[in-house]
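For reference, run.csv (CSV, C-alpha atoms):
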```csv
chain,number,residue,atom,x,y,z
D,1,MET,CA,117.1,104.1,60.0
D,2,SER,CA,117.7,100.6,58.6
D,3,GLU,CA,119.6,99.8,61.8
D,4,LEU,CA,116.5,100.7,63.8
D,5,ILE,CA,114.2,98.7,61.5
D,6,ASN,CA,116.5,95.7,61.6
D,7,LYS,CA,116.6,95.8,65.4
D,8,VAL,CA,112.9,96.1,65.8
D,9,SER,CA,112.1,93.3,63.3
D,10,GLN,CA,114.6,91.1,65.3
D,11,PHE,CA,112.6,91.8,68.4
D,12,PHE,CA,109.5,90.8,66.6
D,13,SER,CA,110.9,87.6,65.1
D,14,SER,CA,112.4,86.5,68.4
D,15,GLY,CA,109.0,87.1,70.1
D,16,ILE,CA,110.3,89.6,72.6
D,17,ILE,CA,107.6,92.2,71.6
D,18,ASP,CA,104.2,91.9,70.0
D,19,LEU,CA,103.6,95.6,69.5
D,20,PHE,CA,105.9,98.4,68.7
D,21,ILE,CA,104.9,102.0,69.1
D,22,GLY,CA,106.8,104.4,66.9
D,23,TYR,CA,106.3,107.0,64.2
D,24,LYS,CA,105.6,107.1,60.6
D,25,LYS,CA,105.6,110.0,58.2
D,26,GLY,CA,102.4,112.1,58.5
D,27,ARG,CA,100.7,114.1,55.8
D,28,LEU,CA,102.5,117.3,56.7
D,29,GLY,CA,105.9,115.7,57.2
D,30,GLU,CA,105.3,115.4,60.9
D,31,GLY,CA,106.1,112.2,62.8
D,32,LYS,CA,102.7,110.5,63.3
D,33,PRO,CA,102.3,107.9,66.1
D,34,ALA,CA,102.1,104.5,64.5
D,35,PHE,CA,101.4,101.0,66.0
D,36,PHE,CA,103.3,98.1,64.4
D,37,THR,CA,102.2,94.6,65.1
D,38,LYS,CA,104.1,92.8,62.3
D,39,PRO,CA,107.7,93.2,61.1
D,40,GLU,CA,106.4,93.7,57.5
D,41,GLN,CA,104.9,97.0,58.5
D,42,LEU,CA,108.2,98.4,59.8
D,43,ASN,CA,109.3,99.9,56.5
D,44,GLU,CA,107.2,102.9,57.4
D,45,LEU,CA,109.0,103.4,60.7
D,46,ILE,CA,110.8,106.7,61.0
D,47,PHE,CA,112.6,108.7,63.7
D,48,ASP,CA,113.7,112.3,63.2
D,49,GLU,CA,113.4,115.7,64.9
D,50,ASN,CA,109.8,116.0,63.7
D,51,CYS,CA,108.8,113.0,65.9
D,52,ILE,CA,107.7,115.1,68.8
D,53,VAL,CA,104.6,113.3,70.0
D,54,ASN,CA,104.9,111.9,73.5
D,55,LEU,CA,104.2,108.2,73.0
D,56,ALA,CA,104.1,107.5,76.8
D,57,VAL,CA,100.5,108.7,76.7
D,58,TYR,CA,99.5,105.4,75.0
D,59,LEU,CA,101.0,103.1,77.5
D,60,ARG,CA,98.3,103.3,80.1
D,61,LYS,CA,95.4,102.9,77.6
D,62,PRO,CA,93.2,99.9,78.3
D,63,GLU,CA,93.3,99.0,74.6
D,64,LEU,CA,96.9,98.0,74.9
D,65,LYS,CA,96.4,95.6,77.7
D,66,LYS,CA,96.0,92.6,75.4
D,67,TYR,CA,99.6,92.9,74.2
D,68,SER,CA,102.1,90.9,76.3
D,69,LYS,CA,105.1,93.2,75.7
D,70,ILE,CA,105.2,96.5,74.0
D,71,GLY,CA,108.3,98.2,72.5
D,72,VAL,CA,108.4,102.0,72.5
D,73,LEU,CA,110.5,104.3,70.3
D,74,ALA,CA,111.0,107.1,72.8
D,75,ASN,CA,112.0,110.7,72.2
D,76,PHE,CA,113.4,112.7,75.1
D,77,GLY,CA,110.0,113.8,76.3
D,78,THR,CA,108.8,110.2,76.3
D,79,LEU,CA,111.8,109.1,78.3
D,80,ARG,CA,111.1,111.7,81.0
D,81,ALA,CA,107.4,110.8,81.0
D,82,LEU,CA,108.4,107.1,81.5
D,83,LEU,CA,110.6,108.1,84.5
D,84,GLN,CA,107.8,110.2,86.0
D,85,LEU,CA,105.3,107.4,85.5
D,86,ALA,CA,107.7,104.9,87.1
D,87,ALA,CA,108.2,107.3,90.0
D,88,GLU,CA,104.4,107.4,90.4
D,89,ASN,CA,104.3,103.5,90.3
D,90,GLN,CA,102.4,103.5,87.1
D,91,ILE,CA,104.8,101.4,85.1
D,92,ALA,CA,107.2,98.7,86.3
D,93,ASP,CA,110.8,98.1,85.5
D,94,GLY,CA,111.1,95.7,82.5
D,95,GLN,CA,107.4,96.1,81.5
D,96,TYR,CA,108.3,97.8,78.2
D,97,LEU,CA,111.1,97.6,75.7
D,98,ILE,CA,112.4,101.1,75.4
D,99,LEU,CA,114.5,102.3,72.4
D,100,THR,CA,115.8,105.7,71.4
D,101,VAL,CA,118.0,107.0,68.7
D,102,ALA,CA,120.9,109.2,69.7
D,103,ASP,CA,123.5,110.5,67.3
D,104,GLY,CA,122.3,108.1,64.6
D,105,LYS,CA,122.7,105.1,66.9
D,106,VAL,CA,120.0,102.9,68.3
D,107,LEU,CA,120.1,102.8,72.1
D,108,GLU,CA,118.3,100.1,74.0
D,109,PHE,CA,117.7,100.7,77.7
D,110,ALA,CA,118.3,97.7,79.8
D,111,ASN,CA,116.2,99.1,82.7
D,112,LEU,CA,114.6,102.3,83.9
D,113,LYS,CA,117.8,103.1,85.8
D,114,ALA,CA,119.6,103.4,82.5
D,115,ILE,CA,116.9,105.9,81.4
D,116,GLU,CA,117.5,107.9,84.5
D,117,GLU,CA,121.2,108.1,83.7
D,118,TYR,CA,120.6,109.0,80.1
D,119,VAL,CA,118.1,111.8,81.0
D,120,ALA,CA,120.5,113.2,83.7
D,121,ASN,CA,123.3,113.4,81.1
D,122,ASN,CA,121.1,115.0,78.4
D,123,LEU,CA,118.8,117.3,80.2
D,124,PRO,CA,118.2,120.3,77.9
D,125,LYS,CA,118.2,123.9,78.9
D,126,PRO,CA,114.8,125.6,79.0
D,127,ASN,CA,113.9,127.2,75.7
D,128,PRO,CA,114.9,130.9,75.9
D,129,GLU,CA,112.0,132.0,73.8
D,130,ARG,CA,109.5,130.5,76.2
D,131,ILE,CA,111.3,132.0,79.2
D,132,ALA,CA,111.2,135.4,77.5
D,133,PHE,CA,107.5,135.1,76.7
D,134,LEU,CA,106.8,134.0,80.3
D,135,LYS,CA,108.9,137.0,81.6
D,136,GLU,CA,106.9,139.3,79.2
D,137,ILE,CA,103.6,138.1,80.7
D,138,GLU,CA,104.9,138.4,84.2
D,139,SER,CA,106.1,142.0,83.6
D,140,LYS,CA,102.6,143.1,82.9
D,141,SER,CA,100.4,144.6,85.5
D,142,ARG,CA,97.9,142.4,87.4
D,143,GLU,CA,95.0,143.8,85.4
D,144,GLU,CA,96.8,143.2,82.1
D,145,ARG,CA,97.6,139.7,83.0
D,146,TRP,CA,94.0,139.0,84.0
D,147,GLU,CA,92.8,140.5,80.7
D,148,PHE,CA,95.4,138.4,78.8
D,149,TRP,CA,94.3,135.1,80.3
D,150,THR,CA,90.6,136.0,80.1
D,151,ARG,CA,91.0,136.6,76.4
D,152,GLU,CA,93.1,133.5,75.8
D,153,LEU,CA,91.0,131.2,77.9
D,154,ALA,CA,87.7,132.5,76.4
D,155,SER,CA,88.5,130.6,73.3
D,156,CYS,CA,88.8,127.3,75.2
D,157,ILE,CA,86.1,124.9,73.9
D,158,ARG,CA,86.8,122.3,76.7
D,159,CYS,CA,87.6,119.5,74.3
D,160,TYR,CA,90.1,118.3,76.9
D,161,ALA,CA,92.6,117.5,74.2
D,162,CYS,CA,95.2,118.9,76.6
D,163,ARG,CA,94.2,116.2,79.0
D,164,ALA,CA,94.1,113.4,76.5
D,165,ALA,CA,97.5,114.3,75.1
D,166,CYS,CA,99.2,114.5,78.4
D,167,PRO,CA,101.2,111.4,79.4
D,168,LEU,CA,100.7,112.2,83.1
D,169,CYS,CA,97.0,113.0,83.1
D,170,TYR,CA,96.1,109.3,83.6
D,171,CYS,CA,93.4,109.4,86.2
D,172,GLU,CA,90.6,107.1,85.2
D,173,GLN,CA,88.1,109.6,86.7
D,174,CYS,CA,88.9,113.2,86.2
D,175,LEU,CA,87.8,115.9,88.7
D,176,VAL,CA,86.0,117.8,85.9
D,177,GLU,CA,83.7,114.9,85.3
D,178,CYS,CA,82.7,114.8,88.9
D,179,ASN,CA,79.1,116.2,89.2
D,180,GLN,CA,78.4,115.6,92.8
D,181,PRO,CA,79.7,118.2,93.7
D,182,GLN,CA,80.4,119.8,90.4
D,183,TRP,CA,83.7,121.5,91.0
D,184,VAL,CA,84.1,122.9,87.5
D,185,GLY,CA,81.3,124.3,85.4
D,186,VAL,CA,80.7,122.2,82.3
D,187,PRO,CA,79.8,124.9,79.7
D,188,PRO,CA,82.8,126.6,78.2
D,189,THR,CA,82.4,130.0,79.9
D,190,GLY,CA,85.3,132.1,81.1
D,191,MET,CA,84.8,130.9,84.7
D,192,GLY,CA,84.7,127.2,84.0
D,193,ASN,CA,87.6,127.5,81.6
D,194,LEU,CA,89.7,129.3,84.1
D,195,GLU,CA,88.8,126.7,86.8
D,196,TRP,CA,89.7,123.9,84.4
D,197,HIS,CA,93.0,125.3,83.6
D,198,ILE,CA,93.8,126.0,87.2
D,199,VAL,CA,92.9,122.4,88.1
D,200,ARG,CA,95.0,121.1,85.2
D,201,ALA,CA,98.0,123.2,86.1
D,202,MET,CA,97.8,122.4,89.8
D,203,HIS,CA,97.4,118.7,89.2
D,204,LEU,CA,100.5,118.8,87.0
D,205,ALA,CA,102.5,121.1,89.3
D,206,GLY,CA,105.7,119.2,90.2
D,207,ARG,CA,104.8,116.4,87.8
D,208,CYS,CA,104.8,118.1,84.3
D,209,ILE,CA,107.8,117.1,82.3
D,210,GLY,CA,107.4,119.9,79.9
D,211,CYS,CA,107.0,117.9,76.7
D,212,GLY,CA,104.6,120.6,75.3
D,213,GLU,CA,102.0,118.0,74.1
D,214,CYS,CA,99.1,119.9,75.8
D,215,GLU,CA,99.9,123.1,73.9
D,216,ALA,CA,100.5,121.2,70.6
D,217,ALA,CA,97.2,119.4,71.0
D,218,CYS,CA,95.2,122.5,71.7
D,219,PRO,CA,92.9,123.3,68.7
D,220,MET,CA,92.5,126.9,69.9
D,221,GLU,CA,96.2,127.5,70.3
D,222,ILE,CA,95.9,128.6,73.9
D,223,PRO,CA,99.4,128.9,75.5
D,224,ILE,CA,98.5,126.6,78.4
D,225,GLY,CA,101.9,125.1,78.6
D,226,PHE,CA,103.1,128.3,80.3
D,227,LEU,CA,100.9,127.6,83.3
D,228,THR,CA,102.6,124.3,84.2
D,229,GLN,CA,106.0,125.7,83.1
D,230,LYS,CA,105.7,128.6,85.5
D,231,LEU,CA,104.6,126.2,88.4
D,232,ASN,CA,107.5,123.9,87.7
D,233,MET,CA,110.0,126.8,87.6
D,234,ALA,CA,108.6,128.0,91.0
D,235,ILE,CA,108.9,124.5,92.4
D,236,ILE,CA,112.5,124.1,91.2
D,237,SER,CA,113.5,127.5,92.7
D,238,ASN,CA,111.6,127.0,95.9
D,239,PHE,CA,112.0,123.3,96.6
D,240,GLY,CA,114.5,122.0,94.1
D,241,GLN,CA,112.6,119.0,92.7
D,242,VAL,CA,112.8,118.5,88.9
D,243,PRO,CA,110.0,116.2,87.6
D,244,GLY,CA,110.8,113.4,85.2
D,245,THR,CA,114.4,113.0,86.2
D,246,LYS,CA,114.3,110.5,89.1
D,247,LEU,CA,113.0,107.0,89.5
D,248,GLU,CA,112.4,107.5,93.2
D,249,PRO,CA,109.1,109.2,94.1
D,250,ASP,CA,110.0,112.9,94.5
D,251,TYR,CA,106.8,114.8,94.3
D,252,ALA,CA,107.2,118.3,95.6
D,253,LEU,CA,103.6,118.6,96.9
D,254,SER,CA,103.6,115.3,98.8
D,255,THR,CA,106.5,116.4,101.0
D,256,PHE,CA,107.6,119.6,102.9
D,257,LYS,CA,110.4,121.4,104.6
D,258,VAL,CA,109.9,123.0,107.9
D,259,ASP,CA,111.4,126.2,106.6
D,260,ASP,CA,109.4,126.6,103.4
D,261,LYS,CA,109.0,130.3,102.8
D,262,GLU,CA,105.7,131.8,104.1
D,263,ASN,CA,105.8,135.6,103.5
D,264,PHE,CA,102.2,135.6,102.5
D,265,ILE,CA,100.8,134.1,105.7
D,266,ARG,CA,99.6,136.5,108.3
X,1,MET,CA,73.4,154.5,99.8
X,2,GLN,CA,74.0,151.5,102.0
X,3,GLU,CA,77.6,150.6,102.5
X,4,PHE,CA,78.8,147.5,100.7
X,5,GLU,CA,78.9,144.4,103.0
X,6,PRO,CA,81.4,141.9,101.7
X,7,LYS,CA,80.8,138.2,101.9
X,8,ILE,CA,83.8,136.5,103.4
X,9,VAL,CA,84.2,132.7,103.6
X,10,ALA,CA,86.7,131.3,106.1
X,11,PHE,CA,88.1,127.8,105.7
X,12,VAL,CA,89.5,126.9,109.1
X,13,CYS,CA,90.9,123.9,110.7
X,14,ASN,CA,89.1,122.2,113.5
X,15,TRP,CA,91.9,122.1,116.1
X,16,CYS,CA,93.3,125.6,116.1
X,17,THR,CA,91.5,128.3,114.2
X,18,TYR,CA,88.0,127.0,114.8
X,19,ALA,CA,88.8,126.8,118.5
X,20,GLY,CA,90.4,130.2,118.3
X,21,ALA,CA,87.2,131.6,116.7
X,22,ASP,CA,85.2,129.8,119.5
X,23,LEU,CA,87.5,131.5,122.1
X,24,ALA,CA,86.8,134.9,120.5
X,25,GLY,CA,83.1,134.1,121.0
X,26,THR,CA,83.3,132.9,124.6
X,27,SER,CA,85.6,135.9,125.4
X,28,ARG,CA,82.8,138.1,124.0
X,29,ILE,CA,85.1,139.8,121.6
X,30,LYS,CA,83.0,141.6,119.0
X,31,TYR,CA,84.1,141.3,115.4
X,32,ALA,CA,82.6,141.8,111.9
X,33,THR,CA,79.7,139.5,111.1
X,34,ASN,CA,80.5,139.2,107.4
X,35,VAL,CA,82.4,136.0,107.8
X,36,ARG,CA,81.0,132.5,107.2
X,37,ILE,CA,83.2,129.9,108.9
X,38,VAL,CA,83.5,126.5,107.3
X,39,ARG,CA,85.2,123.9,109.6
X,40,PHE,CA,87.7,121.3,108.2
X,41,PRO,CA,89.6,118.5,110.0
X,42,CYS,CA,92.9,120.1,109.0
X,43,THR,CA,94.3,122.7,106.7
X,44,GLY,CA,95.8,119.8,104.7
X,45,ARG,CA,92.2,119.1,103.6
X,46,ILE,CA,91.6,122.6,102.3
X,47,ASP,CA,91.8,122.0,98.6
X,48,TYR,CA,92.3,125.0,96.3
X,49,MET,CA,89.0,123.8,94.6
X,50,LEU,CA,87.1,124.9,97.7
X,51,ILE,CA,88.6,128.3,97.4
X,52,LEU,CA,87.6,128.5,93.8
X,53,LYS,CA,84.1,127.2,94.7
X,54,ALA,CA,83.7,130.0,97.2
X,55,PHE,CA,84.5,132.6,94.6
X,56,GLN,CA,82.3,130.8,92.1
X,57,ASN,CA,79.4,131.2,94.5
X,58,GLY,CA,79.9,134.9,95.0
X,59,ALA,CA,82.4,135.3,97.9
X,60,ASP,CA,84.2,138.6,97.9
X,61,GLY,CA,87.0,137.3,100.0
X,62,VAL,CA,88.3,134.0,101.3
X,63,ILE,CA,90.3,133.4,104.5
X,64,VAL,CA,92.2,130.2,104.9
X,65,SER,CA,93.5,129.6,108.4
X,66,GLY,CA,94.9,126.8,110.5
X,67,CYS,CA,97.4,125.8,113.2
X,68,HIS,CA,100.8,127.4,113.4
X,69,PRO,CA,103.7,125.4,111.9
X,70,ASN,CA,104.7,122.6,114.3
X,71,ASP,CA,101.2,122.8,116.0
X,72,CYS,CA,99.3,120.6,113.6
X,73,HIS,CA,97.1,118.0,115.3
X,74,TYR,CA,98.1,115.6,112.5
X,75,THR,CA,101.8,116.6,112.7
X,76,SER,CA,102.3,117.8,109.1
X,77,GLY,CA,99.0,118.7,107.6
X,78,ASN,CA,99.7,122.5,107.7
X,79,PHE,CA,103.2,122.0,106.2
X,80,HIS,CA,101.7,120.2,103.2
X,81,ALA,CA,99.0,122.9,102.9
X,82,ARG,CA,101.6,125.6,103.0
X,83,ARG,CA,103.5,124.1,100.1
X,84,ARG,CA,100.3,123.8,98.1
X,85,TRP,CA,99.5,127.5,98.8
X,86,ILE,CA,103.0,128.5,97.7
X,87,VAL,CA,102.4,126.8,94.4
X,88,PHE,CA,98.8,127.9,94.1
X,89,ASN,CA,99.8,131.5,94.8
X,90,GLU,CA,102.4,131.4,92.0
X,91,LEU,CA,99.6,130.2,89.6
X,92,LEU,CA,97.2,133.0,90.7
X,93,GLU,CA,100.0,135.5,90.3
X,94,LEU,CA,100.6,134.4,86.7
X,95,LEU,CA,96.9,134.4,85.9
X,96,GLY,CA,96.5,137.9,87.3
X,97,PHE,CA,93.9,136.8,89.8
X,98,ASP,CA,93.0,139.4,92.4
X,99,LYS,CA,95.1,137.9,95.3
X,100,ARG,CA,94.2,140.8,97.6
X,101,ARG,CA,91.0,138.9,98.2
X,102,LEU,CA,92.6,135.7,99.4
X,103,PHE,CA,94.0,135.7,102.9
X,104,PHE,CA,96.2,133.0,104.6
X,105,SER,CA,96.8,133.0,108.4
X,106,TRP,CA,97.9,130.9,111.3
X,107,VAL,CA,95.6,131.3,114.2
X,108,SER,CA,96.0,129.0,117.2
X,109,ALA,CA,93.3,127.9,119.7
X,110,ALA,CA,94.6,130.5,122.2
X,111,GLU,CA,94.4,133.5,119.7
X,112,GLY,CA,90.8,134.5,119.9
X,113,ALA,CA,91.9,138.2,119.7
X,114,LYS,CA,94.1,137.5,116.7
X,115,TRP,CA,91.1,135.9,114.9
X,116,ALA,CA,88.8,138.8,115.7
X,117,ASN,CA,91.5,141.2,114.4
X,118,LEU,CA,92.1,139.2,111.3
X,119,VAL,CA,88.4,139.1,110.4
X,120,ASN,CA,88.1,142.9,111.0
X,121,GLU,CA,91.1,143.6,108.8
X,122,VAL,CA,89.9,141.3,106.0
X,123,VAL,CA,86.5,142.9,106.1
X,124,THR,CA,87.9,146.4,105.9
X,125,GLU,CA,90.3,145.5,103.1
X,126,VAL,CA,87.7,143.7,101.0
X,127,ARG,CA,85.1,146.5,101.6
X,128,LYS,CA,87.6,148.9,100.1
X,129,LEU,CA,88.1,146.6,97.1
X,130,GLY,CA,84.3,146.4,96.5
X,131,PRO,CA,82.3,143.4,95.2
X,132,PHE,CA,84.3,140.8,93.2
X,133,THR,CA,82.7,141.5,89.9
X,134,GLU,CA,85.8,140.6,87.9
X,135,TYR,CA,85.3,136.9,88.7
X,136,GLU,CA,81.5,137.0,88.4
X,137,LYS,CA,81.8,138.5,84.9
X,138,LEU,CA,83.8,135.4,83.7
X,139,SER,CA,80.6,133.3,83.8
X,140,LYS,CA,79.2,135.5,81.0
X,141,ILE,CA,82.2,135.2,78.8
X,142,ASN,CA,82.3,132.5,76.1
X,143,VAL,CA,83.8,131.8,72.7
X,144,ASN,CA,81.4,134.4,71.2
X,145,SER,CA,82.8,137.2,73.3
X,146,ILE,CA,86.4,136.9,72.0
X,147,GLY,CA,85.8,139.7,69.4
X,148,GLU,CA,84.5,142.0,72.2
X,149,LEU,CA,87.5,141.1,74.4
X,150,CYS,CA,89.9,141.9,71.6
X,151,ASN,CA,88.1,145.2,71.0
X,152,VAL,CA,87.5,144.3,67.3
```

Could you express the structure from this file as structure tokens?
Amino acid sequence: MSELINKVSQFFSSGIIDLFIGYKKGRLGEGKPAFFTKPEQLNELIFDENCIVNLAVYLRKPELKKYSKIGVLANFGTLRALLQLAAENQIADGQYLILTVADGKVLEFANLKAIEEYVANNLPKPNPERIAFLKEIESKSREERWEFWTRELASCIRCYACRAACPLCYCEQCLVECNQPQWVGVPPTGMGNLEWHIVRAMHLAGRCIGCGECEAACPMEIPIGFLTQKLNMAIISNFGQVPGTKLEPDYALSTFKVDDKENFIR
Amino acid sequence: MQEFEPKIVAFVCNWCTYAGADLAGTSRIKYATNVRIVRFPCTGRIDYMLILKAFQNGADGVIVSGCHPNDCHYTSGNFHARRRWIVFNELLELLGFDKRRLFFSWVSAAEGAKWANLVNEVVTEVRKLGPFTEYEKLSKINVNSIGELCNV
């Protein structure tokens, strides 16, 4: 950890960065996002397996615009989010100083291309527990699935924490706030909740990097991550695009193949 | 008792299916009157939100129809739409949404008879399914009904 702290304080003293986003120890031992503006604060900086929050979510916040250069301590999810944001032209190469810790060593990425290579070499396999749970839902009958989601989504209080925590939900005006026409009902009824989660899943289809922040942020513990996960799995198997792995724009829904399957069209 | 008359909303593209429906009319082909046609510039414009909106407002079935592949007036609008529907269908499948009420079709400007057949088929199928109460019931569910939903 001292290597990391030394390195970051050097960046501060040489004036390369004026804000560093990292983690400090939270009350329950979790890695809590922390904003460091002075090298003296860095003794609180930590990085371990409990640092799961996706810090890329902060980068597009207007509050950070006053800083000239920002350093980010990125976990794997953050790196993939950065790649996806770059592919969507939301961040530029060289705009941020990006660090990660791998095998106890601090890695500094020279450019986004280096992140692309690092992500390609370290892409993890999908969590078998999640796949098994998804299979379990899918094996149910249609009525059972409808009942399952009606029950789960009934507890949604529409706090939009899933949206706030998502590094890729960065629209300045969200469709749910549109009231002319009002696409999604505002009160948290079953219908509005279902519509909101359909919108969220569809807008993230082919873009979700699967960091799990939406589910972690949900105060009602709704397994919403499975919706985007399922769509991503469908996109990978049908079209082959994997979000958050490429610097070039490669959004599955903005392109097409002439021979896409169409067994459902009469 | 009077037979249930389903409300069907059809989202169609201006260049093919709308012209096809027009042809069905000018050819004096009779078909079920349950369908409300909404014309769009292209299937690429037919957002899934419009489909949800139709169900929200009490539609019992929705038809989405446009030009055959390679026939799109804007070259690729229907190809993009097709991808979106593939993904949207996967989501509806996982959610257990009653997909029997959602119909996708390609109907060209020359296929007036196909359009009439499609509408008749859809109306027959949806009539068999009955009113879409499952979706309507959702509007009465809120956080207070969780106990009831869990049969506690």

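Candidate residues D:Met220, D:Val57, D:Cys208, D:Leu28 were compared for distance to chain X, and the nearest is D:Met220, using only C-alpha atoms.
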
Write out as a ChimeraX atom specification the residues lying within 10 Å of stretch 128-141 of chain X, counting all atoms listed in the file and excluding same-chain residues fewer than 6 positions away. /D:146,150-151,153-155,185,187-194 /X:3-7,55-61,97-98,100-101,122,148-149

Based on the selection just made, write C-alpha atoms of those residues as an mmCIF file, in the coordinates of the input.
```cif
data_model
loop_
_atom_site.group_PDB
_atom_site.id
_atom_site.type_symbol
_atom_site.label_atom_id
_atom_site.label_comp_id
_atom_site.auth_asym_id
_atom_site.auth_seq_id
_atom_site.Cartn_x
_atom_site.Cartn_y
_atom_site.Cartn_z
ATOM 1 C CA TRP D 146 94.000 139.000 84.000
ATOM 2 C CA THR D 150 90.600 136.000 80.100
ATOM 3 C CA ARG D 151 91.000 136.600 76.400
ATOM 4 C CA LEU D 153 91.000 131.200 77.900
ATOM 5 C CA ALA D 154 87.700 132.500 76.400
ATOM 6 C CA SER D 155 88.500 130.600 73.300
ATOM 7 C CA GLY D 185 81.300 124.300 85.400
ATOM 8 C CA PRO D 187 79.800 124.900 79.700
ATOM 9 C CA PRO D 188 82.800 126.600 78.200
ATOM 10 C CA THR D 189 82.400 130.000 79.900
ATOM 11 C CA GLY D 190 85.300 132.100 81.100
ATOM 12 C CA MET D 191 84.800 130.900 84.700
ATOM 13 C CA GLY D 192 84.700 127.200 84.000
ATOM 14 C CA ASN D 193 87.600 127.500 81.600
ATOM 15 C CA LEU D 194 89.700 129.300 84.100
ATOM 16 C CA GLU X 3 77.600 150.600 102.500
ATOM 17 C CA PHE X 4 78.800 147.500 100.700
ATOM 18 C CA GLU X 5 78.900 144.400 103.000
ATOM 19 C CA PRO X 6 81.400 141.900 101.700
ATOM 20 C CA LYS X 7 80.800 138.200 101.900
ATOM 21 C CA PHE X 55 84.500 132.600 94.600
ATOM 22 C CA GLN X 56 82.300 130.800 92.100
ATOM 23 C CA ASN X 57 79.400 131.200 94.500
ATOM 24 C CA GLY X 58 79.900 134.900 95.000
ATOM 25 C CA ALA X 59 82.400 135.300 97.900
ATOM 26 C CA ASP X 60 84.200 138.600 97.900
ATOM 27 C CA GLY X 61 87.000 137.300 100.000
ATOM 28 C CA PHE X 97 93.900 136.800 89.800
ATOM 29 C CA ASP X 98 93.000 139.400 92.400
ATOM 30 C CA ARG X 100 94.200 140.800 97.600
ATOM 31 C CA ARG X 101 91.000 138.900 98.200
ATOM 32 C CA VAL X 122 89.900 141.300 106.000
ATOM 33 C CA GLU X 148 84.500 142.000 72.200
ATOM 34 C CA LEU X 149 87.500 141.100 74.400
#
```

Min atom-atom distance to X:Thr75 from the set X:Ala54, X:Val87, X:Cys42, X:Ile146, counting all atoms listed in the file, belongs to X:Cys42

Within 10 Å of chain D, which residues of chain X are there when counting all atoms listed in the file? Please give them as a PyMOL selection string. chain X and resi 48-50+52-53+56+64-65+69-70+76-99+103-107+118+134-150

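Taking atom CA of D:Val101 and atom CA of D:Lys66 as endpoints, the distance between them is 27.1 Å.
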
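The gap separating atom CA of D:Phe12 from atom CA of D:Lys38 is 7.2 Å, in Å to one decimal.
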
Students should find that atom CA of D:Ile236 and atom CA of D:Ala132 are spaced 17.8 Å

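Among X:Ala32, X:Cys67, X:Val9, X:Leu23, the residue with the shortest atom-to-atom distance to X:Ile51, counting only C-alpha atoms, is X:Val9.
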
(message) I'd like to know which of D:Ile224, D:Ala87, D:Val72, D:Ala110 is closest to D:Asp18, using all atoms listed in the file.
(response)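 Looking only at the distances to D:Asp18, the closest residue turns out to be D:Val72.
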
Local residues around (90.6, 142.1, 120.4), at most 12 Å away, using only C-alpha atoms, as a PyMOL selection string
chain X and resi 21+23-25+27-32+111-121

Can you list, as an NGL selection string, every protein, DNA or RNA residue that comes within 12 Å of D:Leu45 when you count all atoms listed in the file, leaving out same-chain residues fewer than 6 positions away?
:D and (1-9 or 20-26 or 31-39 or 51 or 72-73)

The residue from D:Leu97, D:Ala74, D:Cys162, D:Leu112 with the smallest atom-to-atom distance to D:Glu221, counting all atoms listed in the file, is D:Cys162

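Among the candidates D:Pro181, D:Gly225, D:Gly104, D:Gly94, the one nearest to D:Arg163 when counting all atoms listed in the file is D:Gly225.
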
Could you rebuild stretch 51-57 of chain X with N, CA, C and O atoms and give it back as a PDB file, keeping the file's coordinate frame?
```
ATOM      1  N   ILE X  51      88.435 126.891  97.525  1.00  0.00           N
ATOM      2  CA  ILE X  51      88.600 128.300  97.400  1.00  0.00           C
ATOM      3  C   ILE X  51      87.942 128.843  96.145  1.00  0.00           C
ATOM      4  O   ILE X  51      87.193 129.822  96.162  1.00  0.00           O
ATOM      5  N   LEU X  52      88.188 128.121  95.038  1.00  0.00           N
ATOM      6  CA  LEU X  52      87.600 128.500  93.800  1.00  0.00           C
ATOM      7  C   LEU X  52      86.050 128.432  93.852  1.00  0.00           C
ATOM      8  O   LEU X  52      85.334 129.275  93.327  1.00  0.00           O
ATOM      9  N   LYS X  53      85.573 127.382  94.529  1.00  0.00           N
ATOM     10  CA  LYS X  53      84.100 127.200  94.700  1.00  0.00           C
ATOM     11  C   LYS X  53      83.500 128.352  95.433  1.00  0.00           C
ATOM     12  O   LYS X  53      82.406 128.807  95.093  1.00  0.00           O
ATOM     13  N   ALA X  54      84.202 128.821  96.455  1.00  0.00           N
ATOM     14  CA  ALA X  54      83.700 130.000  97.200  1.00  0.00           C
ATOM     15  C   ALA X  54      83.566 131.187  96.337  1.00  0.00           C
ATOM     16  O   ALA X  54      82.537 131.863  96.330  1.00  0.00           O
ATOM     17  N   PHE X  55      84.591 131.452  95.544  1.00  0.00           N
ATOM     18  CA  PHE X  55      84.500 132.600  94.600  1.00  0.00           C
ATOM     19  C   PHE X  55      83.466 132.417  93.574  1.00  0.00           C
ATOM     20  O   PHE X  55      82.763 133.347  93.206  1.00  0.00           O
ATOM     21  N   GLN X  56      83.337 131.161  93.105  1.00  0.00           N
ATOM     22  CA  GLN X  56      82.300 130.800  92.100  1.00  0.00           C
ATOM     23  C   GLN X  56      80.924 131.168  92.629  1.00  0.00           C
ATOM     24  O   GLN X  56      80.076 131.634  91.887  1.00  0.00           O
ATOM     25  N   ASN X  57      80.721 130.962  93.927  1.00  0.00           N
ATOM     26  CA  ASN X  57      79.400 131.200  94.500  1.00  0.00           C
ATOM     27  C   ASN X  57      79.245 132.585  95.091  1.00  0.00           C
ATOM     28  O   ASN X  57      78.348 132.816  95.894  1.00  0.00           O
TER      29      ASN X  57
END
```
